[in-house]
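Have a look at target14.pdb; it's PDB, C-alpha atoms:
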ATOM      1  CA  THR A1483     -15.694   1.514 -12.459
ATOM      2  CA  LEU A1484     -12.582   0.997 -10.352
ATOM      3  CA  LEU A1485     -11.058   4.282 -11.486
ATOM      4  CA  ARG A1486     -14.291   6.103 -10.634
ATOM      5  CA  ARG A1487     -14.289   4.514  -7.181
ATOM      6  CA  LEU A1488     -10.663   5.491  -6.596
ATOM      7  CA  THR A1489     -11.204   9.106  -7.660
ATOM      8  CA  ASN A1490     -14.352   9.426  -5.544
ATOM      9  CA  HIS A1491     -12.334   8.696  -2.414
ATOM     10  CA  ILE A1492      -9.636  11.208  -3.259
ATOM     11  CA  LEU A1493     -11.993  14.148  -3.670
ATOM     12  CA  PRO A1494     -13.432  15.940  -0.634
ATOM     13  CA  PHE A1495     -17.002  15.727  -1.920
ATOM     14  CA  ASN A1496     -17.636  12.453  -0.094
ATOM     15  CA  SER A1497     -16.384  13.713   3.247
ATOM     16  CA  HIS A1498     -18.271  14.033   6.502
ATOM     17  CA  GLU A1499     -18.186  17.805   6.065
ATOM     18  CA  ALA A1500     -19.932  17.495   2.685
ATOM     19  CA  GLU A1501     -22.695  15.470   4.351
ATOM     20  CA  LEU A1502     -23.210  18.272   6.867
ATOM     21  CA  PHE A1503     -23.593  20.846   4.089
ATOM     22  CA  GLN A1504     -27.200  21.981   3.870
ATOM     23  CA  LEU A1505     -28.942  24.435   1.622
ATOM     24  CA  ASN A1506     -31.346  27.078   2.848
ATOM     25  CA  PRO A1507     -34.546  25.923   1.108
ATOM     26  CA  GLY A1508     -36.120  29.377   1.435
ATOM     27  CA  SER A1509     -33.470  31.009  -0.726
ATOM     28  CA  GLY A1510     -34.127  31.073  -4.459
ATOM     29  CA  ASP A1511     -30.419  31.496  -5.220
ATOM     30  CA  TYR A1512     -29.715  27.890  -4.313
ATOM     31  CA  ALA A1513     -32.542  26.353  -6.330
ATOM     32  CA  ALA A1514     -30.461  26.413  -9.521
ATOM     33  CA  LEU A1515     -27.522  24.741  -7.755
ATOM     34  CA  LEU A1516     -29.514  21.875  -6.281
ATOM     35  CA  PRO A1517     -29.184  19.438  -9.229
ATOM     36  CA  GLN A1518     -25.451  20.127  -9.492
ATOM     37  CA  LEU A1519     -24.804  19.613  -5.793
ATOM     38  CA  TYR A1520     -25.902  16.019  -6.130
ATOM     39  CA  GLN A1521     -23.206  15.597  -8.774
ATOM     40  CA  LEU A1522     -20.597  16.219  -6.112
ATOM     41  CA  ASP A1523     -21.324  12.734  -4.834
ATOM     42  CA  HIS A1524     -20.109  11.336  -8.139
ATOM     43  CA  GLY A1525     -16.542  12.590  -8.253
ATOM     44  CA  ALA A1526     -17.130  15.573 -10.566
ATOM     45  CA  SER A1527     -16.354  13.413 -13.636
ATOM     46  CA  ALA A1528     -12.685  13.037 -12.666
ATOM     47  CA  ALA A1529     -12.526   9.466 -14.007
ATOM     48  CA  ASN A1530     -13.852  10.628 -17.377
ATOM     49  CA  TYR A1531     -11.248  13.395 -17.430
ATOM     50  CA  ILE A1532      -8.437  10.923 -16.680
ATOM     51  CA  ASP A1533      -9.638   8.627 -19.453
ATOM     52  CA  LYS A1534      -9.531  11.487 -21.956
ATOM     53  CA  LEU A1535      -6.232  12.796 -20.585
ATOM     54  CA  LEU A1536      -4.528   9.416 -21.001
ATOM     55  CA  ALA A1537      -5.647   9.331 -24.623
ATOM     56  CA  ARG A1538      -3.999  12.697 -25.312
ATOM     57  CA  GLU A1539      -1.530  14.788 -23.325
ATOM     58  CA  GLU A1540      -0.624  12.222 -20.671
ATOM     59  CA  ARG A1541      -0.605   9.092 -22.843
ATOM     60  CA  HIS A1542       2.895   8.348 -21.548
ATOM     61  CA  HIS A1543       1.218   7.498 -18.213
ATOM     62  CA  ALA A1544      -1.384   5.153 -19.742
ATOM     63  CA  ASP A1545       0.800   2.097 -19.115
ATOM     64  CA  ALA A1546       1.144   3.021 -15.436
ATOM     65  CA  TYR A1547      -2.638   3.207 -15.102
ATOM     66  CA  HIS A1548      -3.142  -0.111 -16.871
ATOM     67  CA  ARG A1549      -0.564  -1.887 -14.726
ATOM     68  CA  CYS A1550      -1.597  -0.323 -11.417
ATOM     69  CA  LEU A1551      -5.349  -0.650 -11.879
ATOM     70  CA  VAL A1552      -4.893  -4.360 -12.616
ATOM     71  CA  GLN A1553      -2.830  -4.700  -9.429
ATOM     72  CA  ILE A1554      -5.281  -2.697  -7.324
ATOM     73  CA  ASP A1555      -8.175  -4.782  -8.628
ATOM     74  CA  ARG A1556      -6.297  -7.999  -7.806
ATOM     75  CA  ILE A1557      -5.367  -6.778  -4.317
ATOM     76  CA  LEU A1558      -8.896  -5.639  -3.478
ATOM     77  CA  ARG A1559     -10.415  -8.885  -4.763
ATOM     78  CA  GLY A1560      -7.900 -10.819  -2.666
ATOM     79  CA  ARG A1561      -8.845  -8.879   0.464
ATOM     80  CA  GLN A1562     -12.592  -9.068  -0.152
ATOM     81  CA  PRO A1563     -13.050 -12.195  -2.314
ATOM     82  CA  PHE A1564     -16.841 -12.170  -2.223
ATOM     83  CA  LEU A1565     -17.312  -8.538  -3.292
ATOM     84  CA  GLU A1566     -16.828  -6.655  -6.523
ATOM     85  CA  PRO A1567     -14.443  -3.686  -6.138
ATOM     86  CA  ARG A1568     -17.368  -1.265  -6.601
ATOM     87  CA  ASP A1569     -19.001  -2.795  -3.500
ATOM     88  CA  ILE A1570     -15.950  -2.991  -1.237
ATOM     89  CA  PRO A1571     -16.300  -0.869   1.924
ATOM     90  CA  GLU A1572     -14.634   2.537   2.028
ATOM     91  CA  ASP A1573     -12.324   1.580   4.885
ATOM     92  CA  GLU A1574     -10.623  -0.974   2.629
ATOM     93  CA  PHE A1575      -9.887   1.762   0.079
ATOM     94  CA  LEU A1576      -8.559   4.009   2.843
ATOM     95  CA  ARG A1577      -6.298   1.197   4.018
ATOM     96  CA  LEU A1578      -5.038   0.723   0.467
ATOM     97  CA  TYR A1579      -4.374   4.472   0.069
ATOM     98  CA  GLY A1580      -2.410   4.477   3.315
ATOM     99  CA  GLU A1581      -0.303   1.541   2.180
ATOM    100  CA  MET A1582       0.297   3.164  -1.206
ATOM    101  CA  ALA A1583       1.323   6.429   0.464
ATOM    102  CA  ASP A1584       3.799   4.490   2.623
ATOM    103  CA  GLY A1585       5.079   2.564  -0.400
ATOM    104  CA  ALA A1586       4.405  -0.792   1.224
ATOM    105  CA  VAL A1587       1.309  -2.444  -0.244
ATOM    106  CA  ALA A1588       0.726  -6.046   0.766
ATOM    107  CA  GLY A1589       0.386  -8.067  -2.441
ATOM    108  CA  TRP A1590       1.805  -5.383  -4.764
ATOM    109  CA  ASP A1591       4.012  -6.720  -7.575
ATOM    110  CA  TYR A1592       6.966  -4.343  -7.409
ATOM    111  CA  ASN A1593       8.577  -6.023 -10.426
ATOM    112  CA  ASP A1594       5.617  -4.995 -12.566
ATOM    113  CA  TYR A1595       5.374  -1.422 -11.224
ATOM    114  CA  GLY A1596       7.955  -0.278  -8.729
ATOM    115  CA  SER A1597       6.324   2.624  -6.907
ATOM    116  CA  PRO A1598       2.762   2.624  -5.626
ATOM    117  CA  GLN A1599       3.618   6.000  -4.031
ATOM    118  CA  TYR A1600       4.285   7.535  -7.424
ATOM    119  CA  PHE A1601       1.095   6.114  -8.898
ATOM    120  CA  LEU A1602      -0.960   7.452  -5.985
ATOM    121  CA  ALA A1603       0.576  10.917  -6.458
ATOM    122  CA  LEU A1604      -0.166  10.731 -10.188
ATOM    123  CA  LEU A1605      -3.737   9.610  -9.548
ATOM    124  CA  ARG A1606      -4.278  12.410  -7.020
ATOM    125  CA  ARG A1607      -2.894  15.056  -9.380
ATOM    126  CA  HIS A1608      -5.057  13.884 -12.263
ATOM    127  CA  THR A1609      -8.145  13.592 -10.042
ATOM    128  CA  TRP A1610      -7.839  17.118  -8.644
ATOM    129  CA  THR A1611      -7.135  18.582 -12.065
ATOM    130  CA  GLY A1612     -10.138  16.755 -13.515
ATOM    131  CA  ALA A1613     -12.468  17.852 -10.741
ATOM    132  CA  PHE A1614     -11.754  21.544 -11.231
ATOM    133  CA  CYS A1615     -10.810  21.891 -14.907
ATOM    134  CA  HIS A1616     -13.053  23.379 -17.566
ATOM    135  CA  PRO A1617     -15.801  20.841 -18.448
ATOM    136  CA  LYS A1618     -14.737  20.874 -22.110
ATOM    137  CA  TYR A1619     -11.793  18.665 -21.092
ATOM    138  CA  GLY A1620     -14.070  15.906 -19.803
ATOM    139  CA  GLY A1621     -13.929  16.593 -16.058
ATOM    140  CA  ASN A1622     -15.860  18.853 -13.716
ATOM    141  CA  GLY A1623     -19.186  17.654 -15.099
ATOM    142  CA  GLY A1624     -21.630  20.543 -15.284
ATOM    143  CA  GLY A1625     -19.128  22.714 -13.420
ATOM    144  CA  ALA A1626     -19.808  20.714 -10.240
ATOM    145  CA  GLY A1627     -16.284  21.295  -8.892
ATOM    146  CA  TRP A1628     -16.732  25.033  -9.175
ATOM    147  CA  TYR A1629     -19.743  24.959  -6.829
ATOM    148  CA  SER A1630     -17.961  23.148  -4.022
TER     149      SER A1630
END

Can the structure from this file be put into C-alpha cells for me?
Amino acid sequence: TLLRRLTNHILPFNSHEAELFQLNPGSGDYAALLPQLYQLDHGASAANYIDKLLAREERHHADAYHRCLVQIDRILRGRQPFLEPRDIPEDEFLRLYGEMADGAVAGWDYNDYGSPQYFLALLRRHTWTGAFCHPKYGGNGGGAGWYS
C-alpha cells in the first residue's frame, strides 16, 4: 500500500492538469478509452511492476526497498501518528519527497541506508519504467500509460 501511494505521487496522472482533462462525450472514439482513463488515477500499476522487477532483474535493489520503505513508514507515522500512511495528506508526501531530494530527511536513519536521494532516484526510475512498459511485465495496467 505504501509503495502504491509513493508511486502515485511520482506519476503525472494525479496532477492538476490531469483533473482538467475532459473527454468530448459526443465523440465515439473516446468511448473505448473511458474505462482506461480512470486507471490513470491508480498509478498505472507501477507498484505491481516494481514488485515483479525486484523479484527478477533488479533483485539487487530489493534490500534498499525493504530498508527504505520501513524508514518511510516510520517517518510518516511519526509525523501523522493518528493516520495510516494510505490516509496521510498529499502535502506530507510532497514534503518527504523534497527532503529526500535534498538528502536531508528528518528522522532518517543514515546508518541503515545512507542516501535517501539515491533511493528516490531509484524509485522514480522504476515508477516511470513501470508506468510505460509493456503490460506483460506487470506495469502499465491495460496500457493505461500509453493513453496518457

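Coordinates place atom CA of His1608 of chain A at a distance of 12.1 Å from atom CA of Ala1544 of chain A.
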
Neighbour residues at most 12 Å from (-6.6, 1.9, -13.4) (only C-alpha atoms) as a ChimeraX atom specification:
/A:1483-1489,1529,1532-1533,1536,1543-1556,1601-1602,1604-1605

Between atom CA of Tyr1600 of chain A and atom CA of Ala1613 of chain A, distance in Å (one decimal)
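Distance between the two atoms: 20.0 Å.
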
Go through A:Leu1565, A:Tyr1595, A:Ala1603, A:Leu1558 one by one, measure the shortest atom-to-atom distance of each to Leu1578 of chain A using all atoms listed in the file, and give the residue with the smallest value.
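Once distances to Leu1578 of chain A are computed over all atoms listed in the file, the minimum belongs to A:Leu1558.
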
Interatomic distance between atom CA of Thr1609 of chain A and atom CA of Leu1576 of chain A?
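Interatomic distance, atom CA of Thr1609 of chain A to atom CA of Leu1576 of chain A: 16.1 Å.
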
Neighbouring residues of Gly1621 of chain A were defined as those with any atom within 8 Å, considering all atoms listed in the file; residues of the same chain fewer than 2 positions away were excluded. Please report them as a list in words.
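Listed by chain and then number, they are Ala1526, Ser1527, Ala1528, Ala1529, Asn1530, Tyr1531, Ile1532, Gly1612, Ala1613, Phe1614, Cys1615, His1616, Pro1617, Lys1618, Tyr1619 and Gly1623 of chain A.
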